[in-house]
>>> print(open('structure_15.tsv').read())   # TSV, C-alpha atoms and all ligand atoms
chain	number	residue	atom	x	y	z
H	1	MET	CA	-26.90	-79.98	-151.72
H	2	GLU	CA	-27.45	-82.38	-148.82
H	3	ILE	CA	-27.23	-80.82	-145.39
H	4	LYS	CA	-25.78	-83.16	-142.79
H	5	LYS	CA	-23.97	-80.94	-140.36
H	6	PHE	CA	-25.72	-77.88	-139.01
H	7	GLY	CA	-24.04	-75.10	-137.03
H	8	VAL	CA	-25.77	-72.77	-134.57
H	9	ILE	CA	-23.99	-69.67	-133.33
H	10	GLY	CA	-25.31	-68.66	-129.92
H	11	SER	CA	-26.85	-70.93	-127.31
H	12	GLY	CA	-29.31	-68.47	-125.79
H	13	GLN	CA	-33.10	-68.70	-125.93
H	14	MET	CA	-33.23	-68.65	-129.76
H	15	GLY	CA	-30.01	-70.60	-130.41
H	16	ASN	CA	-30.80	-73.55	-128.16
H	17	GLY	CA	-34.34	-73.75	-129.56
H	18	ILE	CA	-32.98	-73.85	-133.11
H	19	ALA	CA	-30.42	-76.51	-132.13
H	20	GLN	CA	-33.23	-78.58	-130.61
H	21	VAL	CA	-35.47	-78.52	-133.70
H	22	ALA	CA	-32.52	-79.19	-136.04
H	23	ALA	CA	-31.38	-82.19	-133.98
H	24	ALA	CA	-34.95	-83.49	-133.68
H	25	SER	CA	-35.16	-83.41	-137.51
H	26	GLY	CA	-32.15	-85.74	-137.74
H	27	LEU	CA	-29.26	-83.33	-138.35
H	28	GLU	CA	-25.92	-83.44	-136.61
H	29	VAL	CA	-25.73	-80.12	-134.74
H	30	LEU	CA	-22.81	-78.08	-133.46
H	31	MET	CA	-23.92	-75.28	-131.11
H	32	SER	CA	-21.35	-72.63	-130.24
H	33	ASP	CA	-21.08	-69.77	-127.80
H	34	ILE	CA	-18.33	-67.67	-126.24
H	35	LYS	CA	-18.31	-69.45	-122.85
H	36	GLU	CA	-18.82	-73.08	-121.83
H	37	GLU	CA	-21.16	-71.86	-119.12
H	38	PHE	CA	-23.48	-70.53	-121.87
H	39	THR	CA	-23.45	-73.70	-123.99
H	40	ALA	CA	-24.08	-75.77	-120.83
H	41	LYS	CA	-27.10	-73.57	-120.05
H	42	GLY	CA	-28.33	-74.10	-123.63
H	43	ILE	CA	-28.08	-77.88	-123.30
H	44	GLU	CA	-29.81	-77.70	-119.93
H	45	ASN	CA	-32.72	-75.84	-121.50
H	46	ILE	CA	-33.03	-78.30	-124.39
H	47	THR	CA	-32.94	-81.20	-121.92
H	48	LYS	CA	-35.67	-79.55	-119.84
H	49	ASN	CA	-37.88	-78.98	-122.91
H	50	LEU	CA	-37.47	-82.53	-124.16
H	51	ALA	CA	-38.00	-84.02	-120.69
H	52	ARG	CA	-41.27	-82.06	-120.41
H	53	SER	CA	-42.45	-83.59	-123.68
H	54	VAL	CA	-41.48	-87.07	-122.45
H	55	SER	CA	-43.34	-86.58	-119.17
H	56	LYS	CA	-46.45	-85.49	-121.12
H	57	GLY	CA	-46.20	-88.68	-123.22
H	58	LYS	CA	-45.59	-86.66	-126.42
H	59	LEU	CA	-42.06	-87.99	-126.96
H	60	GLU	CA	-40.34	-91.34	-126.35
H	61	GLN	CA	-37.35	-91.39	-124.00
H	62	LEU	CA	-35.33	-92.92	-126.84
H	63	GLN	CA	-36.18	-89.99	-129.16
H	64	MET	CA	-35.10	-87.57	-126.46
H	65	ASP	CA	-31.78	-89.39	-126.00
H	66	THR	CA	-31.17	-89.56	-129.76
H	67	THR	CA	-31.93	-85.85	-130.21
H	68	LEU	CA	-29.59	-84.91	-127.38
H	69	SER	CA	-26.82	-87.18	-128.69
H	70	ARG	CA	-26.89	-85.30	-132.02
H	71	ILE	CA	-25.99	-81.97	-130.37
H	72	LYS	CA	-22.32	-81.14	-129.70
H	73	THR	CA	-21.09	-77.84	-128.33
H	74	THR	CA	-17.98	-75.70	-128.76
H	75	VAL	CA	-16.55	-72.36	-127.71
H	76	ASP	CA	-14.24	-72.22	-130.73
H	77	LEU	CA	-15.80	-70.92	-133.94
H	78	LYS	CA	-13.07	-72.70	-135.92
H	79	ASP	CA	-14.91	-75.98	-135.22
H	80	MET	CA	-17.48	-74.80	-137.79
H	81	ALA	CA	-14.98	-75.79	-140.51
H	82	ASP	CA	-17.08	-78.75	-141.74
H	83	VAL	CA	-20.66	-77.52	-141.44
H	84	ASP	CA	-23.01	-77.34	-144.45
H	85	PHE	CA	-25.41	-74.75	-143.06
H	86	VAL	CA	-25.14	-72.23	-140.20
H	87	VAL	CA	-27.74	-70.21	-138.36
H	88	GLU	CA	-26.34	-67.29	-136.43
H	89	ALA	CA	-28.44	-66.48	-133.37
H	90	ALA	CA	-26.12	-64.24	-131.38
H	91	VAL	CA	-27.07	-61.03	-129.57
H	92	GLU	CA	-28.86	-58.52	-131.80
H	93	ARG	CA	-25.88	-56.17	-132.30
H	94	GLU	CA	-24.75	-55.24	-135.77
H	95	ASP	CA	-21.00	-54.99	-135.00
H	96	LEU	CA	-21.04	-58.41	-133.37
H	97	LYS	CA	-22.91	-60.04	-136.24
H	98	PHE	CA	-20.54	-58.47	-138.80
H	99	LYS	CA	-17.54	-59.96	-136.98
H	100	ILE	CA	-19.18	-63.39	-136.71
H	101	PHE	CA	-19.99	-63.44	-140.43
H	102	GLU	CA	-16.49	-62.32	-141.40
H	103	ASP	CA	-15.09	-65.15	-139.26
H	104	LEU	CA	-17.58	-67.75	-140.53
H	105	ASP	CA	-16.83	-66.76	-144.12
H	106	ALA	CA	-13.16	-67.51	-143.49
H	107	ILE	CA	-13.80	-70.74	-141.53
H	108	CYS	CA	-16.73	-72.52	-143.21
H	109	PRO	CA	-16.46	-74.56	-146.42
H	110	ALA	CA	-17.18	-72.72	-149.70
H	111	HIS	CA	-20.49	-74.57	-150.21
H	112	ALA	CA	-21.87	-73.66	-146.76
H	113	ILE	CA	-24.91	-71.41	-146.47
H	114	LEU	CA	-24.58	-68.80	-143.73
H	115	SER	CA	-27.96	-67.69	-142.41
H	116	THR	CA	-28.90	-65.27	-139.69
H	117	ASN	CA	-31.76	-65.35	-137.23
H	118	THR	CA	-31.60	-61.56	-137.01
H	119	SER	CA	-34.94	-60.01	-136.21
H	120	SER	CA	-34.23	-56.82	-138.15
H	121	ILE	CA	-30.64	-56.20	-139.26
H	122	PRO	CA	-30.53	-55.95	-143.09
H	123	ILE	CA	-29.41	-59.16	-144.78
H	124	GLY	CA	-27.63	-57.16	-147.50
H	125	ARG	CA	-25.49	-55.36	-144.94
H	126	ILE	CA	-24.37	-58.68	-143.47
H	127	ALA	CA	-23.83	-60.22	-146.93
H	128	ALA	CA	-21.54	-57.34	-147.93
H	129	ARG	CA	-19.14	-58.41	-145.14
H	130	THR	CA	-18.56	-61.78	-146.79
H	131	GLY	CA	-17.16	-63.14	-150.03
H	132	ARG	CA	-20.31	-65.25	-150.57
H	133	PRO	CA	-23.27	-62.82	-150.66
H	134	ASP	CA	-25.28	-65.33	-152.72
H	135	LYS	CA	-25.14	-67.77	-149.77
H	136	ILE	CA	-26.29	-65.29	-147.10
H	137	ILE	CA	-29.95	-65.40	-146.08
H	138	GLY	CA	-32.27	-64.65	-143.18
H	139	MET	CA	-33.77	-67.61	-141.34
H	140	HIS	CA	-35.90	-65.98	-138.68
H	141	PHE	CA	-37.40	-68.29	-136.07
H	142	MET	CA	-40.02	-67.20	-133.54
H	143	ASN	CA	-39.81	-67.52	-129.78
H	144	PRO	CA	-40.31	-70.12	-128.25
H	145	VAL	CA	-38.70	-71.90	-131.21
H	146	PRO	CA	-39.85	-75.48	-130.47
H	147	VAL	CA	-43.47	-74.34	-130.30
H	148	MET	CA	-43.89	-71.62	-132.93
H	149	LYS	CA	-44.66	-72.86	-136.43
H	150	LEU	CA	-43.24	-69.98	-138.48
H	151	VAL	CA	-39.86	-69.39	-140.07
H	152	GLU	CA	-39.54	-66.12	-141.97
H	153	VAL	CA	-37.10	-66.72	-144.83
H	154	ILE	CA	-35.56	-63.42	-145.90
H	155	LYS	CA	-33.91	-62.88	-149.25
H	156	GLY	CA	-31.27	-60.21	-149.61
H	157	LEU	CA	-30.79	-58.64	-153.03
H	158	ALA	CA	-27.76	-60.90	-153.65
H	159	THR	CA	-29.23	-64.13	-152.19
H	160	SER	CA	-29.34	-66.85	-154.86
H	161	GLU	CA	-32.46	-68.81	-155.73
H	162	GLU	CA	-30.63	-72.01	-154.75
H	163	THR	CA	-29.82	-70.66	-151.28
H	164	PHE	CA	-33.46	-69.62	-150.89
H	165	GLU	CA	-34.79	-73.04	-151.96
H	166	ILE	CA	-32.45	-74.92	-149.59
H	167	THR	CA	-33.41	-72.70	-146.65
H	168	TRP	CA	-37.12	-73.01	-147.49
H	169	GLU	CA	-36.91	-76.82	-147.61
H	170	LEU	CA	-34.85	-76.93	-144.41
H	171	SER	CA	-37.53	-74.93	-142.59
H	172	LYS	CA	-40.07	-77.56	-143.64
H	173	LYS	CA	-37.77	-80.38	-142.55
H	174	PHE	CA	-37.76	-78.73	-139.09
H	175	GLY	CA	-41.57	-79.04	-139.05
H	176	LYS	CA	-42.08	-75.31	-139.61
H	177	THR	CA	-44.05	-73.35	-142.18
H	178	PRO	CA	-41.83	-70.89	-144.04
H	179	ALA	CA	-42.97	-67.46	-145.26
H	180	GLU	CA	-40.97	-65.44	-147.77
H	181	ALA	CA	-39.95	-61.86	-147.04
H	182	ASN	CA	-37.74	-59.33	-148.76
H	183	ASP	CA	-34.98	-57.40	-147.09
H	184	PHE	CA	-36.60	-54.26	-145.63
H	185	PRO	CA	-36.30	-53.14	-142.00
H	186	GLY	CA	-38.11	-55.52	-139.64
H	187	PHE	CA	-39.03	-57.79	-142.59
H	188	ILE	CA	-42.70	-58.79	-142.12
H	189	ALA	CA	-42.98	-60.18	-138.58
H	190	ASN	CA	-41.39	-57.35	-136.66
H	191	ARG	CA	-42.59	-54.61	-139.01
H	192	ILE	CA	-46.09	-55.48	-137.82
H	193	LEU	CA	-45.54	-56.88	-134.32
H	194	MET	CA	-43.15	-54.30	-132.83
H	195	PRO	CA	-45.18	-51.15	-133.51
H	196	MET	CA	-48.07	-52.91	-131.72
H	197	ILE	CA	-45.88	-53.71	-128.71
H	198	ASN	CA	-44.45	-50.17	-128.76
H	199	GLU	CA	-47.98	-48.74	-128.82
H	200	ALA	CA	-48.89	-50.92	-125.83
H	201	VAL	CA	-45.90	-49.40	-123.97
H	202	PHE	CA	-47.17	-45.92	-124.95
H	203	CYS	CA	-50.55	-46.86	-123.41
H	204	LEU	CA	-48.75	-47.68	-120.18
H	205	TYR	CA	-46.53	-44.54	-120.43
H	206	GLN	CA	-49.57	-42.29	-120.88
H	207	SER	CA	-51.50	-44.12	-118.13
H	208	VAL	CA	-54.20	-45.26	-120.53
H	209	GLY	CA	-54.16	-48.57	-118.71
H	210	LYS	CA	-52.28	-50.81	-116.29
H	211	PRO	CA	-50.20	-53.67	-117.75
H	212	GLU	CA	-52.79	-56.29	-116.81
H	213	ASP	CA	-55.60	-54.30	-118.46
H	214	ILE	CA	-53.63	-53.57	-121.63
H	215	ASP	CA	-52.83	-57.27	-121.97
H	216	THR	CA	-56.36	-58.41	-121.12
H	217	VAL	CA	-57.78	-56.17	-123.85
H	218	MET	CA	-55.54	-57.74	-126.49
H	219	LYS	CA	-55.89	-61.30	-125.16
H	220	LEU	CA	-59.63	-61.43	-124.74
H	221	GLY	CA	-60.57	-58.71	-127.21
H	222	MET	CA	-58.42	-59.87	-130.09
H	223	ASN	CA	-57.77	-63.51	-129.16
H	224	HIS	CA	-54.00	-63.07	-128.97
H	225	PRO	CA	-52.40	-65.94	-127.01
H	226	MET	CA	-50.66	-63.43	-124.76
H	227	GLY	CA	-50.88	-59.66	-124.31
H	228	PRO	CA	-48.29	-57.35	-125.95
H	229	LEU	CA	-46.54	-56.44	-122.69
H	230	ALA	CA	-46.22	-60.07	-121.56
H	231	LEU	CA	-44.96	-60.89	-125.05
H	232	ALA	CA	-42.41	-58.06	-124.87
H	233	ASP	CA	-41.17	-59.55	-121.59
H	234	LEU	CA	-40.84	-62.94	-123.32
H	235	ILE	CA	-38.95	-61.52	-126.31
H	236	GLY	CA	-36.72	-59.28	-124.15
H	237	LEU	CA	-37.19	-55.52	-123.84
H	238	ASP	CA	-33.65	-54.85	-125.13
H	239	THR	CA	-34.49	-56.80	-128.29
H	240	CYS	CA	-37.79	-54.92	-128.67
H	241	LEU	CA	-35.95	-51.60	-128.33
H	242	ALA	CA	-33.25	-52.65	-130.80
H	243	ILE	CA	-35.91	-53.60	-133.36
H	244	MET	CA	-37.78	-50.31	-132.93
H	245	GLU	CA	-34.47	-48.44	-133.41
H	246	THR	CA	-33.86	-50.40	-136.62
H	247	LEU	CA	-37.34	-49.56	-137.93
H	248	TYR	CA	-36.90	-45.89	-136.98
H	249	ASP	CA	-33.42	-45.65	-138.51
H	250	GLY	CA	-34.42	-47.60	-141.60
H	251	PHE	CA	-37.59	-45.70	-142.51
H	252	LYS	CA	-36.89	-42.32	-140.83
H	253	ASP	CA	-40.58	-42.22	-140.03
H	254	SER	CA	-41.75	-40.93	-136.63
H	255	LYS	CA	-44.40	-43.64	-136.39
H	256	TYR	CA	-41.57	-46.01	-135.44
H	257	ARG	CA	-40.09	-43.89	-132.61
H	258	PRO	CA	-39.46	-46.12	-129.59
H	259	CYS	CA	-41.51	-45.24	-126.53
H	260	PRO	CA	-39.34	-43.40	-123.95
H	261	LEU	CA	-40.64	-45.77	-121.26
H	262	LEU	CA	-39.34	-48.79	-123.18
H	263	ARG	CA	-35.91	-47.14	-123.31
H	264	LYS	CA	-36.07	-46.34	-119.58
H	265	TYR	CA	-36.84	-49.96	-118.70
H	266	VAL	CA	-33.90	-51.18	-120.78
H	267	GLU	CA	-31.54	-48.58	-119.26
H	268	THR	CA	-32.62	-49.72	-115.80
H	269	GLY	CA	-31.81	-53.33	-116.67
H	270	TRP	CA	-35.47	-54.39	-116.63
H	271	LEU	CA	-35.29	-56.61	-119.69
H	272	GLY	CA	-38.26	-58.91	-119.13
H	273	ARG	CA	-38.26	-62.58	-118.15
H	274	LYS	CA	-34.53	-63.04	-118.61
H	275	SER	CA	-33.65	-60.37	-116.02
H	276	GLY	CA	-36.48	-61.31	-113.63
H	277	LYS	CA	-38.32	-58.04	-114.19
H	278	GLY	CA	-39.99	-56.29	-117.09
H	279	PHE	CA	-43.58	-55.11	-117.26
H	280	TYR	CA	-44.23	-58.01	-114.87
H	281	ASP	CA	-42.22	-59.55	-112.03
H	282	TYR	CA	-40.66	-62.97	-112.52
H	283	SER	CA	-38.55	-63.27	-109.37
H	301	LIG	N1	-40.03	-73.48	-124.71
H	301	LIG	C1	-40.52	-74.65	-125.19
H	301	LIG	N2	-41.83	-74.99	-125.10
H	301	LIG	C2	-42.66	-74.12	-124.50
H	301	LIG	C3	-42.22	-72.88	-123.99
H	301	LIG	C4	-40.84	-72.59	-124.10
H	301	LIG	N3	-40.31	-71.43	-123.68
H	301	LIG	N4	-43.27	-72.24	-123.46
H	301	LIG	C5	-44.34	-73.03	-123.64
H	301	LIG	N5	-43.98	-74.16	-124.27
H	301	LIG	C6	-44.84	-75.27	-124.69
H	301	LIG	C7	-45.50	-75.96	-123.52
H	301	LIG	O1	-44.70	-76.99	-123.01
H	301	LIG	C8	-46.76	-76.51	-124.14
H	301	LIG	O2	-46.44	-77.68	-124.87
H	301	LIG	P1	-47.52	-78.84	-125.16
H	301	LIG	O3	-48.54	-78.25	-126.08
H	301	LIG	O4	-46.71	-79.90	-125.82
H	301	LIG	O5	-48.08	-79.24	-123.86
H	301	LIG	C9	-47.16	-75.43	-125.18
H	301	LIG	O6	-45.93	-74.72	-125.45
H	301	LIG	C10	-48.19	-74.49	-124.63
H	301	LIG	O7	-47.67	-73.93	-123.42
H	301	LIG	P2	-48.55	-73.56	-122.16
H	301	LIG	O8	-49.78	-74.44	-122.12
H	301	LIG	O9	-47.69	-73.52	-120.95
H	301	LIG	O10	-48.95	-72.05	-122.35
H	301	LIG	P3	-49.72	-71.35	-123.52
H	301	LIG	O11	-50.78	-72.21	-124.10
H	301	LIG	O12	-50.08	-70.03	-122.97
H	301	LIG	O13	-48.62	-71.14	-124.66
H	301	LIG	C11	-47.03	-69.78	-125.72
H	301	LIG	C12	-47.42	-70.45	-124.43
H	301	LIG	C13	-46.77	-70.83	-126.80
H	301	LIG	C14	-45.77	-68.99	-125.46
H	301	LIG	C15	-48.24	-68.86	-126.19
H	301	LIG	O14	-48.57	-67.99	-125.14
H	301	LIG	C16	-47.92	-68.05	-127.41
H	301	LIG	O15	-48.04	-68.51	-128.54
H	301	LIG	N6	-47.52	-66.78	-127.20
H	301	LIG	C17	-47.15	-65.87	-128.30
H	301	LIG	C18	-45.73	-66.14	-128.69
H	301	LIG	C19	-45.30	-65.26	-129.82
H	301	LIG	O16	-46.00	-64.40	-130.32
H	301	LIG	N7	-44.06	-65.49	-130.25
H	301	LIG	C20	-43.45	-64.70	-131.28
H	301	LIG	C21	-42.60	-63.64	-130.65
H	301	LIG	S1	-41.88	-62.61	-131.84
H	301	LIG	C22	-40.46	-63.35	-132.21
H	301	LIG	O17	-40.04	-64.33	-131.66
H	301	LIG	C23	-39.73	-62.71	-133.31
H	301	LIG	C24	-38.80	-61.65	-132.96
H	301	LIG	O18	-37.91	-61.41	-133.76
H	301	LIG	C25	-38.93	-60.82	-131.78
>>> encode(input="structure_15.tsv", output="structure tokens", more="lines below")
Ligand code: CAA
Amino acid sequence: MEIKKFGVIGSGQMGNGIAQVAAASGLEVLMSDIKEEFTAKGIENITKNLARSVSKGKLEQLQMDTTLSRIKTTVDLKDMADVDFVVEAAVEREDLKFKIFEDLDAICPAHAILSTNTSSIPIGRIAARTGRPDKIIGMHFMNPVPVMKLVEVIKGLATSEETFEITWELSKKFGKTPAEANDFPGFIANRILMPMINEAVFCLYQSVGKPEDIDTVMKLGMNHPMGPLALADLIGLDTCLAIMETLYDGFKDSKYRPCPLLRKYVETGWLGRKSGKGFYDYS
């Protein structure tokens, strides 16, 4: 199956990054969201990223213009009626994703593959909401999408080999390296990453160290590009909490209990970079 038209649901930090790499690879992209204000913000971010690459001499102005011209936006999901492949990158809420997949299943052509960028919601649970479980798959990009090389490709029990192969090849076309994972809570990336971030929050909660010291230990001691608390702020503390809840619910194992301090930050609206405050201040 040749993929020409590529749909992205959600124009937030993951969605606009995915739209950018898809358009840069030559695909015609339709990026949707619920408000024009959100899609405009997505385009603004893509423009900023591309312009930065042009100013550093890493991209030609013409390539930037071509990439941008390949991205259209919409606030009406029905416009996804002629896409060949969709990535859903909406907010990490199960009820919302279920509704989006039910709608996409009704709107998109029968041959279209419907993938999700979910960081931890089971692929099988999403697939069961549609009449095409063989064409449902996880395509999990990392943040920031244009920079990070990995795509975790997650097979549900019902995902067909053909769907898997197409998604795997598409990840490579985007310039990424795919890794295969099966459908268990948190898959591979977040099964390993989130407990580390959660433990860093416990270190702060129990006054083992200040944020700067916790992050310095992991940066300079383990050569991580950024410390776990700074990374949590980048990912979004609400997303981190949601992933820990999924691990805890999925395995019923106390080692995955979210740190109470993480919950308190989220309840207070301190969500990291996107809200201007998390473990660090961004205002
Ligand atoms: N969007 C696009 N490009 C960005 C960017 C962004 N938000 N942030 C940085 N970049 C680009 C810069 O422009 C720069 O590009 P060039 O190499 O072309 O000049 C490059 O990335 C390096 O940036 P900086 O020099 O400013 O800073 P850095 O070297 O510290 O790198 C970083 C920044 C890439 C974010 C690095 O700190 C890093 O790799 N951090 C870890 C990120 C990570 O672990 N991501 C995974 C999160 S988990 C996840 O996403 C899954 C989930 O489900 C939660």
>>> closest_atom_pairs(input="structure_15.tsv", of="chain H", to="ligand LIG 301 (chain H)", cutoff="9 Å", atoms="all atoms listed in the file", output="JSON lines")
{"residue": "H:Gln13", "atom": "CA", "partner": "H:LIG301", "partner_atom": "N3", "distance": 8.0}
{"residue": "H:Met14", "atom": "CA", "partner": "H:LIG301", "partner_atom": "O17", "distance": 8.3}
{"residue": "H:Gly17", "atom": "CA", "partner": "H:LIG301", "partner_atom": "N1", "distance": 7.5}
{"residue": "H:Asn45", "atom": "CA", "partner": "H:LIG301", "partner_atom": "N1", "distance": 8.3}
{"residue": "H:Ile46", "atom": "CA", "partner": "H:LIG301", "partner_atom": "C1", "distance": 8.4}
{"residue": "H:Lys48", "atom": "CA", "partner": "H:LIG301", "partner_atom": "C1", "distance": 8.7}
{"residue": "H:Asn49", "atom": "CA", "partner": "H:LIG301", "partner_atom": "C1", "distance": 5.6}
{"residue": "H:Leu50", "atom": "CA", "partner": "H:LIG301", "partner_atom": "C1", "distance": 8.5}
{"residue": "H:Arg52", "atom": "CA", "partner": "H:LIG301", "partner_atom": "O1", "distance": 6.7}
{"residue": "H:Ser53", "atom": "CA", "partner": "H:LIG301", "partner_atom": "O4", "distance": 6.0}
{"residue": "H:Lys56", "atom": "CA", "partner": "H:LIG301", "partner_atom": "O5", "distance": 7.0}
{"residue": "H:Lys58", "atom": "CA", "partner": "H:LIG301", "partner_atom": "O4", "distance": 6.9}
{"residue": "H:Asn117", "atom": "CA", "partner": "H:LIG301", "partner_atom": "O18", "distance": 8.1}
{"residue": "H:Thr118", "atom": "CA", "partner": "H:LIG301", "partner_atom": "O18", "distance": 7.1}
{"residue": "H:Ser119", "atom": "CA", "partner": "H:LIG301", "partner_atom": "O18", "distance": 4.1}
{"residue": "H:Ser120", "atom": "CA", "partner": "H:LIG301", "partner_atom": "O18", "distance": 7.3}
{"residue": "H:His140", "atom": "CA", "partner": "H:LIG301", "partner_atom": "O18", "distance": 7.0}
{"residue": "H:Phe141", "atom": "CA", "partner": "H:LIG301", "partner_atom": "O17", "distance": 6.5}
{"residue": "H:Met142", "atom": "CA", "partner": "H:LIG301", "partner_atom": "O17", "distance": 3.4}
{"residue": "H:Asn143", "atom": "CA", "partner": "H:LIG301", "partner_atom": "O17", "distance": 3.7}
{"residue": "H:Pro144", "atom": "CA", "partner": "H:LIG301", "partner_atom": "N3", "distance": 4.8}
{"residue": "H:Val145", "atom": "CA", "partner": "H:LIG301", "partner_atom": "N1", "distance": 6.8}
{"residue": "H:Pro146", "atom": "CA", "partner": "H:LIG301", "partner_atom": "C1", "distance": 5.4}
{"residue": "H:Val147", "atom": "CA", "partner": "H:LIG301", "partner_atom": "O6", "distance": 5.5}
{"residue": "H:Met148", "atom": "CA", "partner": "H:LIG301", "partner_atom": "N7", "distance": 6.7}
{"residue": "H:Leu150", "atom": "CA", "partner": "H:LIG301", "partner_atom": "C20", "distance": 8.9}
{"residue": "H:Gly186", "atom": "CA", "partner": "H:LIG301", "partner_atom": "O18", "distance": 8.3}
{"residue": "H:Ala189", "atom": "CA", "partner": "H:LIG301", "partner_atom": "C23", "distance": 6.7}
{"residue": "H:Asn190", "atom": "CA", "partner": "H:LIG301", "partner_atom": "O18", "distance": 6.1}
{"residue": "H:Leu193", "atom": "CA", "partner": "H:LIG301", "partner_atom": "S1", "distance": 7.2}
{"residue": "H:Met194", "atom": "CA", "partner": "H:LIG301", "partner_atom": "C25", "distance": 7.8}
{"residue": "H:His224", "atom": "CA", "partner": "H:LIG301", "partner_atom": "C17", "distance": 7.4}
{"residue": "H:Pro225", "atom": "CA", "partner": "H:LIG301", "partner_atom": "O14", "distance": 4.7}
{"residue": "H:Met226", "atom": "CA", "partner": "H:LIG301", "partner_atom": "O14", "distance": 5.0}
{"residue": "H:Gly227", "atom": "CA", "partner": "H:LIG301", "partner_atom": "C17", "distance": 8.3}
{"residue": "H:Pro228", "atom": "CA", "partner": "H:LIG301", "partner_atom": "O16", "distance": 8.6}
{"residue": "H:Ala230", "atom": "CA", "partner": "H:LIG301", "partner_atom": "N6", "distance": 8.9}
{"residue": "H:Leu231", "atom": "CA", "partner": "H:LIG301", "partner_atom": "C17", "distance": 6.3}
{"residue": "H:Ala232", "atom": "CA", "partner": "H:LIG301", "partner_atom": "C21", "distance": 8.0}
{"residue": "H:Leu234", "atom": "CA", "partner": "H:LIG301", "partner_atom": "C21", "distance": 7.6}
{"residue": "H:Ile235", "atom": "CA", "partner": "H:LIG301", "partner_atom": "C25", "distance": 5.5}
{"residue": "H:Gly236", "atom": "CA", "partner": "H:LIG301", "partner_atom": "C25", "distance": 8.1}
{"residue": "H:Thr239", "atom": "CA", "partner": "H:LIG301", "partner_atom": "C25", "distance": 6.9}
{"residue": "H:Cys240", "atom": "CA", "partner": "H:LIG301", "partner_atom": "C25", "distance": 6.8}
{"residue": "H:Ile243", "atom": "CA", "partner": "H:LIG301", "partner_atom": "C25", "distance": 8.0}
>>> write_last_selection(input="structure_15.tsv", atoms="C-alpha atoms", output="compact mmCIF listing (two decimals), keeping the file's coordinate frame")
# COMPACT_ATOMS: atom_id res chain seq x y z
CA GLN H 13 -33.10 -68.70 -125.93
CA MET H 14 -33.23 -68.65 -129.76
CA GLY H 17 -34.34 -73.75 -129.56
CA ASN H 45 -32.72 -75.84 -121.50
CA ILE H 46 -33.03 -78.30 -124.39
CA LYS H 48 -35.67 -79.55 -119.84
CA ASN H 49 -37.88 -78.98 -122.91
CA LEU H 50 -37.47 -82.53 -124.16
CA ARG H 52 -41.27 -82.06 -120.41
CA SER H 53 -42.45 -83.59 -123.68
CA LYS H 56 -46.45 -85.49 -121.12
CA LYS H 58 -45.59 -86.66 -126.42
CA ASN H 117 -31.76 -65.35 -137.23
CA THR H 118 -31.60 -61.56 -137.01
CA SER H 119 -34.94 -60.01 -136.21
CA SER H 120 -34.23 -56.82 -138.15
CA HIS H 140 -35.90 -65.98 -138.68
CA PHE H 141 -37.40 -68.29 -136.07
CA MET H 142 -40.02 -67.20 -133.54
CA ASN H 143 -39.81 -67.52 -129.78
CA PRO H 144 -40.31 -70.12 -128.25
CA VAL H 145 -38.70 -71.90 -131.21
CA PRO H 146 -39.85 -75.48 -130.47
CA VAL H 147 -43.47 -74.34 -130.30
CA MET H 148 -43.89 -71.62 -132.93
CA LEU H 150 -43.24 -69.98 -138.48
CA GLY H 186 -38.11 -55.52 -139.64
CA ALA H 189 -42.98 -60.18 -138.58
CA ASN H 190 -41.39 -57.35 -136.66
CA LEU H 193 -45.54 -56.88 -134.32
CA MET H 194 -43.15 -54.30 -132.83
CA HIS H 224 -54.00 -63.07 -128.97
CA PRO H 225 -52.40 -65.94 -127.01
CA MET H 226 -50.66 -63.43 -124.76
CA GLY H 227 -50.88 -59.66 -124.31
CA PRO H 228 -48.29 -57.35 -125.95
CA ALA H 230 -46.22 -60.07 -121.56
CA LEU H 231 -44.96 -60.89 -125.05
CA ALA H 232 -42.41 -58.06 -124.87
CA LEU H 234 -40.84 -62.94 -123.32
CA ILE H 235 -38.95 -61.52 -126.31
CA GLY H 236 -36.72 -59.28 -124.15
CA THR H 239 -34.49 -56.80 -128.29
CA CYS H 240 -37.79 -54.92 -128.67
CA ILE H 243 -35.91 -53.60 -133.36
>>> atom_distance(input="structure_15.tsv", atom1="atom CA of Leu104 of chain H", atom2="atom CA of Ile43 of chain H")
22.6 Å
>>> closest_residue(input="structure_15.tsv", among="H:Glu199, H:Glu88, H:Asp103, H:Asp183", to="Gly124 of chain H", atoms="only C-alpha atoms")
H:Asp183
>>> atom_distance(input="structure_15.tsv", atom1="atom CA of Ser55 of chain H", atom2="atom CA of Thr73 of chain H")
25.6 Å
>>> residues_around(input="structure_15.tsv", residues="Asp95 of chain H", least_positions_apart="4", cutoff="12 Å", atoms="all atoms listed in the file", output="PyMOL selection string")
chain H and resi 90-91+99-102+121+125-126+129
>>> atom_distance(input="structure_15.tsv", atom1="atom CA of Tyr280 of chain H", atom2="atom CA of Val208 of chain H")
17.1 Å
>>> closest_residue(input="structure_15.tsv", among="H:Gly156, H:Gly7, H:Pro122, H:Pro185", to="Asp253 of chain H", atoms="all atoms listed in the file")
H:Pro185
>>> axis_aligned_box(input="structure_15.tsv", around="segment 187-192 of chain H", padding_each_side="6 Å", output="lines of an AutoDock Vina configuration file")
center_x = -42.6
center_y = -57.4
center_z = -139.6
size_x = 19.1
size_y = 17.6
size_z = 17.9
